[in-house]
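Quick look at upload_3.cif (mmCIF, C-alpha atoms):
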```cif
data_start
#
loop_
_atom_site.label_atom_id
_atom_site.label_comp_id
_atom_site.auth_asym_id
_atom_site.auth_seq_id
_atom_site.Cartn_x
_atom_site.Cartn_y
_atom_site.Cartn_z
CA MET B 15 -32.52 -34.91 -45.28
CA ALA B 16 -35.61 -32.75 -45.24
CA SER B 17 -35.36 -29.53 -47.15
CA LEU B 18 -34.64 -26.28 -45.37
CA LYS B 19 -38.00 -24.89 -46.26
CA SER B 20 -39.98 -27.79 -44.87
CA ILE B 21 -38.08 -27.72 -41.57
CA LYS B 22 -38.69 -23.99 -41.27
CA LYS B 23 -42.38 -24.59 -41.82
CA ARG B 24 -42.54 -27.19 -39.09
CA ILE B 25 -40.78 -24.93 -36.63
CA VAL B 26 -43.31 -22.20 -37.28
CA SER B 27 -46.22 -24.59 -36.83
CA VAL B 28 -44.89 -26.03 -33.57
CA LYS B 29 -44.32 -22.51 -32.31
CA ASN B 30 -47.93 -21.68 -33.02
CA THR B 31 -49.07 -24.75 -31.15
CA ARG B 32 -46.90 -23.80 -28.21
CA GLN B 33 -48.49 -20.39 -28.14
CA ILE B 34 -51.92 -21.94 -27.93
CA THR B 35 -51.02 -24.43 -25.22
CA LYS B 36 -49.35 -21.68 -23.23
CA ALA B 37 -52.42 -19.49 -23.48
CA MET B 38 -54.66 -22.38 -22.44
CA LYS B 39 -52.45 -23.02 -19.47
CA MET B 40 -52.73 -19.42 -18.36
CA VAL B 41 -56.50 -19.42 -18.74
CA SER B 42 -56.81 -22.65 -16.79
CA ALA B 43 -54.56 -21.34 -14.04
CA ALA B 44 -56.80 -18.32 -13.61
CA LYS B 45 -59.97 -20.38 -13.67
CA LEU B 46 -58.48 -22.94 -11.34
CA ARG B 47 -57.95 -20.37 -8.64
CA ARG B 48 -61.60 -19.37 -8.73
CA ALA B 49 -62.80 -22.96 -8.87
CA GLN B 50 -60.56 -23.87 -5.97
CA GLU B 51 -62.00 -21.07 -3.87
CA ASN B 52 -65.48 -22.31 -4.65
CA VAL B 53 -64.63 -25.82 -3.52
CA VAL B 54 -63.17 -24.57 -0.27
CA ALA B 55 -66.16 -22.30 0.31
CA ALA B 56 -68.66 -25.10 -0.21
CA ARG B 57 -66.96 -27.54 2.11
CA PRO B 58 -68.16 -26.22 5.49
CA TYR B 59 -71.76 -26.23 4.32
CA ALA B 60 -71.57 -29.75 3.01
CA LYS B 61 -69.76 -31.01 6.09
CA LYS B 62 -72.16 -29.44 8.54
CA LEU B 63 -75.21 -30.68 6.69
CA GLY B 64 -73.79 -34.18 6.68
CA GLU B 65 -73.23 -34.03 10.43
CA VAL B 66 -76.72 -32.78 11.10
CA LEU B 67 -78.15 -35.50 8.97
CA GLN B 68 -76.27 -38.19 10.85
CA SER B 69 -77.34 -36.89 14.24
CA LEU B 70 -80.95 -36.64 13.09
CA ALA B 71 -80.98 -40.06 11.56
CA ALA B 72 -79.53 -41.52 14.76
CA ASN B 73 -82.36 -40.00 16.77
CA LEU B 74 -85.07 -41.17 14.49
CA GLU B 75 -87.43 -43.83 15.64
CA GLY B 76 -90.37 -45.43 13.98
CA ASP B 77 -91.33 -44.12 10.61
CA LEU B 78 -88.44 -44.11 8.27
CA HIS B 79 -88.18 -41.52 5.60
CA PRO B 80 -88.53 -43.00 2.10
CA LEU B 81 -85.01 -41.90 1.29
CA LEU B 82 -83.59 -43.80 4.25
CA GLU B 83 -85.41 -46.98 3.47
CA LYS B 84 -83.20 -49.82 2.38
CA ARG B 85 -84.69 -51.80 -0.43
CA GLU B 86 -83.32 -54.86 -2.05
CA ALA B 87 -80.88 -53.36 -4.50
CA LYS B 88 -81.90 -54.53 -7.93
CA LYS B 89 -81.47 -51.47 -10.03
CA LEU B 90 -78.54 -49.16 -9.80
CA LEU B 91 -78.23 -45.59 -10.94
CA LEU B 92 -74.68 -44.50 -11.60
CA ILE B 93 -74.11 -40.79 -11.95
CA VAL B 94 -70.91 -39.97 -13.79
CA ILE B 95 -69.60 -36.44 -13.70
CA THR B 96 -67.05 -35.40 -16.30
CA SER B 97 -66.09 -32.13 -17.90
CA ASP B 98 -67.70 -30.70 -21.00
CA ARG B 99 -64.45 -30.01 -22.75
CA GLY B 100 -61.40 -32.06 -23.54
CA LEU B 101 -57.71 -31.26 -23.71
CA CYS B 102 -57.15 -31.95 -20.07
CA GLY B 103 -54.97 -35.04 -20.14
CA GLY B 104 -56.38 -38.23 -18.75
CA PHE B 105 -58.95 -36.46 -16.63
CA ASN B 106 -62.05 -37.68 -18.46
CA THR B 107 -60.62 -40.82 -19.98
CA ASN B 108 -59.57 -42.26 -16.64
CA LEU B 109 -62.94 -41.59 -15.11
CA CYS B 110 -64.81 -43.06 -18.06
CA LYS B 111 -62.67 -46.16 -17.94
CA ALA B 112 -63.31 -46.49 -14.23
CA ALA B 113 -67.04 -46.20 -14.89
CA ASP B 114 -66.81 -48.80 -17.61
CA ARG B 115 -64.91 -51.20 -15.36
CA TYR B 116 -67.33 -50.62 -12.53
CA ILE B 117 -70.37 -51.33 -14.66
CA LYS B 118 -68.82 -54.54 -15.96
CA GLU B 119 -68.00 -55.59 -12.42
CA LYS B 120 -71.48 -54.96 -11.10
CA LYS B 121 -73.38 -56.25 -14.05
CA ASP B 122 -74.03 -59.55 -12.33
CA SER B 123 -75.15 -58.22 -8.98
CA PHE B 124 -77.80 -55.89 -10.39
CA GLU B 125 -80.69 -56.55 -12.69
CA GLN B 126 -80.30 -53.24 -14.36
CA ILE B 127 -77.75 -50.47 -14.33
CA ASN B 128 -78.81 -47.02 -15.38
CA VAL B 129 -76.24 -44.44 -16.26
CA MET B 130 -76.75 -40.75 -15.85
CA THR B 131 -74.09 -38.36 -17.03
CA ILE B 132 -73.28 -34.80 -16.20
CA GLY B 133 -70.85 -33.30 -18.68
CA ARG B 134 -70.44 -33.91 -22.38
CA LYS B 135 -67.28 -36.03 -22.39
CA GLY B 136 -68.67 -38.77 -20.20
CA TYR B 137 -71.86 -38.82 -22.19
CA GLU B 138 -70.04 -39.28 -25.46
CA PHE B 139 -67.94 -42.07 -24.07
CA LEU B 140 -70.72 -43.98 -22.36
CA LYS B 141 -73.49 -43.59 -24.88
CA SER B 142 -71.65 -45.75 -27.35
CA ARG B 143 -71.43 -48.57 -24.82
CA TYR B 144 -74.52 -48.31 -22.66
CA THR B 145 -77.83 -46.60 -22.85
CA VAL B 146 -77.55 -43.34 -21.04
CA TYR B 147 -80.58 -42.76 -18.91
CA LYS B 148 -80.21 -39.02 -18.74
CA ASN B 149 -77.61 -36.46 -19.60
CA PHE B 150 -77.08 -32.96 -18.32
CA ALA B 151 -74.67 -30.87 -20.32
CA ASN B 152 -73.57 -27.29 -20.00
CA VAL B 153 -74.16 -27.13 -16.28
CA LEU B 154 -70.50 -27.20 -15.44
CA ALA B 155 -69.34 -24.06 -17.18
CA LYS B 156 -70.67 -22.09 -14.26
CA PRO B 157 -71.74 -24.47 -11.54
CA ASN B 158 -74.66 -23.07 -9.64
CA TYR B 159 -76.72 -24.43 -6.85
CA GLN B 160 -80.01 -24.23 -8.71
CA ALA B 161 -78.79 -26.64 -11.35
CA ALA B 162 -77.63 -29.06 -8.67
CA ALA B 163 -80.99 -28.77 -6.93
CA MET B 164 -82.79 -29.53 -10.15
CA MET B 165 -80.73 -32.64 -10.80
CA ALA B 166 -81.13 -33.77 -7.21
CA GLN B 167 -84.89 -33.49 -7.57
CA GLU B 168 -84.80 -35.77 -10.60
CA VAL B 169 -82.71 -38.30 -8.75
CA ILE B 170 -85.02 -38.26 -5.74
CA ASP B 171 -88.17 -38.55 -7.83
CA GLY B 172 -86.75 -41.54 -9.62
CA TYR B 173 -85.73 -43.15 -6.39
CA ILE B 174 -89.10 -42.72 -4.76
CA ALA B 175 -90.79 -44.03 -7.89
CA GLU B 176 -88.53 -47.08 -7.53
CA GLU B 177 -86.92 -46.64 -10.91
CA TYR B 178 -83.74 -47.57 -9.11
CA ASP B 179 -82.87 -48.78 -5.63
CA GLN B 180 -79.38 -47.48 -5.24
CA VAL B 181 -77.67 -44.35 -6.43
CA GLU B 182 -73.95 -43.94 -6.73
CA LEU B 183 -71.94 -40.95 -7.72
CA LEU B 184 -68.67 -41.17 -9.62
CA TYR B 185 -66.51 -38.12 -10.05
CA ASN B 186 -63.00 -36.75 -9.90
CA SER B 187 -62.41 -35.17 -6.55
CA PHE B 188 -59.90 -32.40 -6.36
CA ARG B 189 -56.93 -33.22 -4.18
CA THR B 190 -54.15 -31.06 -5.51
CA VAL B 191 -53.59 -29.24 -8.75
CA MET B 192 -51.65 -32.21 -10.02
CA THR B 193 -53.81 -35.03 -8.74
CA GLN B 194 -57.48 -35.81 -8.92
CA ASP B 195 -58.88 -38.85 -7.20
CA ILE B 196 -61.54 -40.95 -8.79
CA THR B 197 -64.23 -41.12 -6.14
CA PHE B 198 -67.26 -43.32 -5.67
CA GLU B 199 -69.92 -42.12 -3.30
CA GLN B 200 -73.12 -43.80 -2.36
CA MET B 201 -75.89 -41.25 -2.34
CA LEU B 202 -78.99 -43.32 -1.81
CA PRO B 203 -80.08 -44.97 0.33
CA VAL B 204 -78.38 -42.67 2.79
CA ALA B 205 -75.70 -44.63 4.53
CA GLN B 206 -76.17 -44.45 8.25
CA GLU B 207 -72.92 -44.40 10.07
CA GLU B 208 -72.65 -46.98 12.76
CA SER B 209 -71.86 -44.74 15.65
CA GLY B 210 -70.24 -46.86 18.31
CA GLU B 211 -70.43 -46.51 22.04
CA THR B 212 -67.46 -44.20 22.02
CA GLU B 213 -69.48 -41.15 21.18
CA GLU B 214 -70.36 -38.81 24.01
CA THR B 215 -73.91 -38.86 25.22
CA PRO B 216 -76.07 -37.30 22.54
CA VAL B 217 -77.40 -33.87 23.39
CA GLU B 218 -81.13 -33.68 23.87
CA PHE B 219 -82.28 -31.23 21.25
CA ILE B 220 -85.58 -29.49 21.03
CA TYR B 221 -86.83 -30.27 17.56
CA GLU B 222 -89.19 -28.01 15.77
CA PRO B 223 -91.04 -29.37 13.85
CA SER B 224 -90.62 -33.10 14.53
CA VAL B 225 -87.46 -35.06 13.75
CA GLY B 226 -89.15 -36.80 10.86
CA GLU B 227 -90.24 -33.57 9.26
CA LEU B 228 -86.85 -31.99 9.70
CA LEU B 229 -85.23 -35.02 8.20
CA GLY B 230 -87.61 -34.83 5.28
CA GLU B 231 -86.32 -31.36 4.54
CA ILE B 232 -82.68 -32.00 5.15
CA LEU B 233 -82.31 -35.28 3.26
CA PRO B 234 -83.07 -33.82 -0.17
CA LYS B 235 -80.84 -30.84 0.62
CA ASN B 236 -78.03 -33.20 1.39
CA ILE B 237 -78.33 -34.78 -2.02
CA GLU B 238 -78.34 -31.38 -3.66
CA VAL B 239 -75.22 -30.45 -1.76
CA GLN B 240 -73.52 -33.71 -2.65
CA ILE B 241 -74.12 -33.12 -6.34
CA PHE B 242 -73.17 -29.48 -6.07
CA LYS B 243 -69.95 -30.33 -4.32
CA ALA B 244 -69.09 -33.03 -6.85
CA MET B 245 -69.69 -30.52 -9.63
CA LEU B 246 -67.38 -27.98 -8.04
CA GLU B 247 -64.70 -30.57 -7.47
CA THR B 248 -64.98 -31.71 -11.07
CA VAL B 249 -64.58 -28.17 -12.36
CA ALA B 250 -61.57 -27.51 -10.15
CA GLY B 251 -60.08 -30.85 -11.12
CA GLU B 252 -60.67 -30.18 -14.79
CA HIS B 253 -58.81 -26.90 -14.70
CA GLY B 254 -56.03 -28.43 -12.66
CA ALA B 255 -55.69 -31.32 -15.09
CA ARG B 256 -55.80 -29.03 -18.07
CA MET B 257 -53.18 -26.79 -16.58
CA THR B 258 -50.81 -29.70 -16.02
CA ALA B 259 -51.54 -31.17 -19.45
CA MET B 260 -50.98 -27.87 -21.19
CA ASP B 261 -47.84 -27.23 -19.20
CA SER B 262 -46.29 -30.48 -20.34
CA ALA B 263 -47.54 -29.86 -23.88
CA SER B 264 -45.77 -26.50 -23.89
CA LYS B 265 -42.62 -28.12 -22.58
CA ASN B 266 -42.75 -30.79 -25.26
CA ALA B 267 -43.26 -28.16 -27.92
CA SER B 268 -40.24 -26.23 -26.69
CA GLU B 269 -38.17 -29.39 -26.79
CA MET B 270 -39.36 -30.11 -30.30
CA ILE B 271 -38.51 -26.60 -31.44
CA GLY B 272 -35.00 -27.06 -30.07
CA LYS B 273 -34.54 -30.29 -31.97
CA LEU B 274 -35.92 -28.87 -35.18
CA THR B 275 -33.76 -25.78 -34.92
CA LEU B 276 -30.72 -27.99 -34.58
CA GLN B 277 -31.79 -29.94 -37.63
CA TYR B 278 -32.41 -26.72 -39.53
CA ASN B 279 -28.96 -25.37 -38.71
CA ARG B 280 -27.32 -28.60 -39.77
CA ALA B 281 -29.20 -28.62 -43.05
CA ARG B 282 -28.24 -25.03 -43.65
CA GLN B 283 -24.57 -25.77 -42.92
CA ALA B 284 -24.65 -28.74 -45.28
CA ALA B 285 -26.14 -26.55 -48.02
CA ILE B 286 -23.44 -23.93 -47.54
CA THR B 287 -20.71 -26.56 -47.67
CA THR B 288 -22.00 -28.04 -50.91
CA GLU B 289 -22.31 -24.60 -52.45
CA LEU B 290 -18.75 -23.75 -51.48
CA MET B 291 -17.50 -27.00 -52.93
CA GLU B 292 -19.23 -26.21 -56.19
CA ILE B 293 -17.74 -22.72 -56.41
CA ILE B 294 -14.25 -23.93 -55.57
CA SER B 295 -14.35 -26.77 -58.04
CA GLY B 296 -15.73 -24.40 -60.66
CA SER B 297 -12.96 -21.86 -60.19
CA GLU B 298 -10.34 -24.64 -60.13
CA SER B 299 -11.47 -25.86 -63.53
CA ILE B 300 -11.33 -22.35 -65.00
CA LYS B 301 -7.79 -21.90 -63.67
CA GLY B 302 -6.66 -25.19 -65.04
CA MET P 28 -85.94 -1.51 21.15
CA ARG P 29 -84.58 -2.66 24.47
CA PRO P 30 -81.88 -0.40 25.88
CA TYR P 31 -78.41 -1.83 25.83
CA LYS P 32 -77.28 -2.93 29.27
CA GLU P 33 -73.82 -3.52 30.62
CA GLU P 34 -74.56 -6.94 32.04
CA TYR P 35 -75.24 -8.47 28.64
CA MET P 36 -71.62 -7.92 27.75
CA ALA P 37 -70.33 -11.26 28.94
CA GLU P 38 -73.25 -13.19 27.58
CA LYS P 39 -72.66 -13.54 23.91
CA MET P 40 -73.26 -16.28 21.43
CA LYS P 41 -71.30 -17.21 18.38
CA LEU P 42 -73.25 -16.96 15.15
CA GLU P 43 -72.25 -18.59 11.91
CA ILE P 44 -74.29 -18.29 8.75
CA VAL P 45 -73.07 -20.54 5.96
CA THR P 46 -74.26 -20.88 2.36
CA PRO P 47 -72.94 -23.28 -0.30
CA TYR P 48 -71.03 -20.36 -1.77
CA LYS P 49 -69.41 -18.87 1.31
CA LYS P 50 -69.52 -18.16 4.99
CA VAL P 51 -71.63 -15.05 5.15
CA VAL P 52 -71.50 -14.22 8.83
CA ASP P 53 -69.14 -15.31 11.57
CA THR P 54 -69.56 -13.09 14.57
CA GLU P 55 -70.55 -12.68 18.19
CA VAL P 56 -74.12 -11.74 18.90
CA GLU P 57 -76.38 -10.98 21.84
CA GLU P 58 -79.68 -11.89 20.31
CA VAL P 59 -81.01 -13.57 17.21
CA THR P 60 -84.52 -13.56 15.81
CA ALA P 61 -85.50 -15.70 12.86
CA THR P 62 -88.52 -17.05 11.05
CA GLY P 63 -88.87 -20.74 11.72
CA LYS P 64 -91.03 -23.19 9.91
CA ILE P 65 -93.81 -22.76 12.44
CA GLY P 66 -93.25 -19.16 13.38
CA GLU P 67 -90.84 -16.52 14.48
CA PHE P 68 -88.56 -17.23 17.39
CA GLY P 69 -85.83 -15.47 19.34
CA ILE P 70 -82.67 -16.87 20.82
CA LEU P 71 -80.81 -15.42 23.78
CA PRO P 72 -77.63 -16.67 25.41
CA GLY P 73 -78.09 -19.78 27.49
CA HIS P 74 -80.73 -21.31 25.23
CA ALA P 75 -81.29 -25.05 25.39
CA PRO P 76 -80.09 -27.10 22.41
CA PHE P 77 -82.53 -26.38 19.64
CA LEU P 78 -82.92 -27.48 16.06
CA THR P 79 -85.35 -26.19 13.48
CA SER P 80 -85.75 -25.40 9.84
CA LEU P 81 -86.28 -21.90 8.52
CA LYS P 82 -88.73 -20.53 6.04
CA ILE P 83 -88.02 -17.86 3.50
CA GLY P 84 -87.86 -14.91 5.82
CA GLU P 85 -85.95 -12.47 7.86
CA LEU P 86 -83.18 -13.02 10.36
CA VAL P 87 -82.10 -10.30 12.74
CA TYR P 88 -79.06 -10.41 14.96
CA LYS P 89 -78.00 -7.87 17.47
CA ASN P 90 -74.41 -7.12 18.22
CA ASN P 91 -73.43 -4.38 20.69
CA GLY P 92 -76.95 -3.08 20.48
CA VAL P 93 -76.88 -2.71 16.69
CA SER P 94 -79.34 -4.82 14.76
CA GLU P 95 -78.41 -6.28 11.42
CA HIS P 96 -81.19 -7.53 9.18
CA MET P 97 -80.80 -10.32 6.67
CA SER P 98 -83.04 -12.06 4.21
CA LEU P 99 -82.77 -15.83 4.06
CA ASN P 100 -83.94 -18.57 1.80
CA TRP P 101 -84.63 -22.09 3.06
CA GLY P 102 -82.38 -22.90 5.94
CA TYR P 103 -81.55 -24.94 8.94
CA PHE P 104 -80.92 -23.51 12.38
CA GLU P 105 -79.08 -25.07 15.27
CA VAL P 106 -78.28 -23.80 18.74
CA GLN P 107 -75.95 -25.66 21.04
CA ASP P 108 -73.80 -24.35 23.88
CA ASP P 109 -74.31 -20.73 22.87
CA LYS P 110 -73.19 -21.50 19.37
CA ILE P 111 -75.61 -20.90 16.54
CA ILE P 112 -75.12 -22.45 13.15
CA VAL P 113 -77.36 -21.46 10.29
CA LEU P 114 -77.16 -23.27 6.98
CA VAL P 115 -79.03 -21.47 4.22
CA GLU P 116 -79.16 -21.52 0.48
CA THR P 117 -78.92 -17.78 0.19
CA ALA P 118 -78.35 -15.08 2.77
CA GLU P 119 -78.12 -11.40 2.09
CA ILE P 120 -77.33 -8.58 4.45
CA ALA P 121 -79.91 -5.82 4.17
CA ALA P 122 -77.42 -3.26 2.87
CA GLU P 123 -76.34 -5.61 0.08
CA ILE P 124 -79.76 -6.33 -1.29
CA ASP P 125 -80.35 -5.16 -4.82
CA VAL P 126 -83.81 -3.64 -4.53
CA GLU P 127 -84.17 -3.14 -8.25
CA ARG P 128 -83.54 -6.80 -8.86
CA ALA P 129 -85.99 -7.81 -6.17
CA LYS P 130 -88.60 -5.56 -7.73
CA ALA P 131 -88.02 -7.08 -11.14
CA ALA P 132 -88.28 -10.59 -9.67
CA LEU P 133 -91.49 -9.61 -7.93
CA GLY P 134 -92.96 -8.38 -11.20
CA ARG P 135 -91.93 -11.53 -13.03
CA ALA P 136 -93.33 -13.81 -10.37
CA GLU P 137 -96.65 -11.94 -10.25
CA GLU P 138 -96.90 -12.05 -14.01
CA ALA P 139 -96.26 -15.79 -14.08
CA LEU P 140 -98.64 -16.54 -11.23
CA LYS P 141 -101.51 -14.88 -13.05
CA LYS P 142 -101.24 -17.41 -15.84
CA LEU P 143 -100.86 -20.48 -13.65
CA THR P 144 -103.32 -22.41 -11.58
CA GLN P 145 -102.77 -23.97 -8.18
CA GLU P 146 -102.17 -27.39 -9.70
CA ASP P 147 -99.28 -26.39 -11.91
CA LYS P 148 -95.85 -27.56 -10.87
CA GLN P 149 -94.49 -24.14 -11.66
CA HIS P 150 -96.97 -22.47 -9.34
CA LYS P 151 -95.06 -23.42 -6.23
CA ILE P 152 -91.76 -22.24 -7.67
CA TYR P 153 -93.10 -18.83 -8.55
CA GLU P 154 -94.89 -18.54 -5.25
CA ALA P 155 -91.58 -19.06 -3.51
CA ALA P 156 -89.95 -16.53 -5.81
CA LEU P 157 -92.67 -14.04 -4.97
CA GLU P 158 -92.19 -14.61 -1.27
CA ARG P 159 -88.43 -14.19 -1.56
CA ALA P 160 -88.78 -10.94 -3.47
CA ILE P 161 -91.20 -9.52 -0.90
CA ILE P 162 -88.94 -10.43 2.00
CA ARG P 163 -85.93 -8.98 0.22
CA MET P 164 -87.65 -5.68 -0.26
CA GLN P 165 -88.88 -5.58 3.32
CA VAL P 166 -85.45 -6.35 4.68
CA ALA P 167 -83.70 -3.91 2.38
CA GLY P 168 -85.75 -1.14 3.94
CA LYS P 169 -84.27 -1.92 7.33
CA ALA P 170 -80.65 -1.61 6.32
CA VAL P 171 -78.37 -0.10 8.91
CA ARG P 172 -77.53 3.38 7.75
CA LYS P 173 -73.89 4.10 8.25
#
```

Render the structure in this file as structure tokens.
Amino acid sequence: MASLKSIKKRIVSVKNTRQITKAMKMVSAAKLRRAQENVVAARPYAKKLGEVLQSLAANLEGDLHPLLEKREAKKLLLIVITSDRGLCGGFNTNLCKAADRYIKEKKDSFEQINVMTIGRKGYEFLKSRYTVYKNFANVLAKPNYQAAAMMAQEVIDGYIAEEYDQVELLYNSFRTVMTQDITFEQMLPVAQEESGETEETPVEFIYEPSVGELLGEILPKNIEVQIFKAMLETVAGEHGARMTAMDSASKNASEMIGKLTLQYNRARQAAITTELMEIISGSESIKG
Amino acid sequence: MRPYKEEYMAEKMKLEIVTPYKKVVDTEVEEVTATGKIGEFGILPGHAPFLTSLKIGELVYKNNGVSEHMSLNWGYFEVQDDKIIVLVETAEIAAEIDVERAKAALGRAEEALKKLTQEDKQHKIYEAALERAIIRMQVAGKAVRK
């Protein structure tokens, strides 16, 4: 049986760990609330812009915008968004694995697959397996729209320069605090929804300037918003995942402390018993 | 300013101004004026469906005869069935504008523009920054005093 001292030491160390995991849980809970508010706040903007885009694209005749053009998809750009920091359960690992699987699956249907990562964890995972085309780190600590706009510009430039013919976005979308869904989204070319006959007669809008020009302004914005939204969802998901992970870690630590305390008490009892036996046998021999 | 008349009462439009960060304005209005891509325009109740993009500029809406001024960044403007939806990157109500910050931004942009030529990629960015700062300061001056 382990010595009393060593058990005591372990209890102290597990207690320290529990303190840390508890603190991390609290911090994540606070950050999660803010991140969640951001996600909710960004949704109407993203939704509306998407709707506008669809209605514009449906009205467009003749000259297609370069971002709407469908080319033969030879080169794929996969954008993977993960968090910068770990200790959030399977949050990053699951996503990285999904990316890995996806790349393997699609390897045959594309000539070339480029990977772009946002967030340190994904970069570290993927760089050892594939060549990472570009990485953006440290943009997630405080997601802002400017950063998203900058990344969107890079993506658009590359697309127009035909460095890739299809762009897909892979990220954890925030469903509840406990669950994040791994989400694939096609960004480019912009998927045009097949609006059936069911839709009510389209309203005749007055466009100023022309539809094409408006579309030219809104399309890039839509990509910015998509990236921005994915970033916000990732951040919210990260905090949610970390909170759950740290909660279960704290619970496990408490359980461990209970077990160790039991072991400690038993060891102490055994020590007392042996000591007593020694004293009694000693005094017996003196008597005799 | 046009005097406020009783008969405008019933004729109101819904105005929503949304940025990626939050819904800035959600209110009823009688009149909206904004700076479109090809010039300033005004919207009154009963306007035909209309879609345009906005420049960096000013947006004014009037509610119960009180005008509220706002400074906007790039945006998109839609009118349909007396409902106006404005999507913008940033929107600030005149009273909330930090004039000191705008002044500082103006100084920075001017400084940077002196060093750059028309061809530089940065030139456009700073030009936009300059424009934004100027509009902010203009709009801030028109804040509704309460």

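If all atoms listed in the file are the atoms counted, then among B:Ile170, B:Ile220, B:Leu91, B:Val129 the closest residue to Gln107 in chain P is B:Ile220.
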
Requested in this report: Compile the contact shell of range 252-259 of chain B as a VMD selection string: residues with an atom at most 6 Å away, counting all atoms listed in the file, same-chain residues fewer than 5 positions apart removed.
Outcome: chain B and resid 39 42 46 102 to 103 191

Using all atoms listed in the file, determine which residues of chain B fall within 6 Å of chain P; present them as a short mmCIF file (atom, residue, chain, number, x, y, z; two decimals) with C-alpha atoms, in the coordinates of the input.
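result03.cif written:
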```cif
data_model
loop_
_atom_site.label_atom_id
_atom_site.label_comp_id
_atom_site.auth_asym_id
_atom_site.auth_seq_id
_atom_site.Cartn_x
_atom_site.Cartn_y
_atom_site.Cartn_z
CA ALA B 55 -66.16 -22.30 0.31
CA ALA B 56 -68.66 -25.10 -0.21
CA TYR B 59 -71.76 -26.23 4.32
CA PHE B 219 -82.28 -31.23 21.25
CA ILE B 220 -85.58 -29.49 21.03
CA TYR B 221 -86.83 -30.27 17.56
CA GLU B 222 -89.19 -28.01 15.77
#
```

Query raised in the report: What is the CA of Lys61 in chain B to CA of Lys156 in chain B distance in Å?
Result: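 For CA of Lys61 in chain B relative to CA of Lys156 in chain B, the distance reads 22.2 Å.
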
Report task. Would you list the residues near (-70.1, -12.3, 18.9), meaning any protein, DNA or RNA residue with an atom at most 12 Å from that point in file coordinates, counting all atoms listed in the file, as an NGL selection string? Result -> :P and (35-43 or 52-59 or 72 or 88-93 or 109-111)
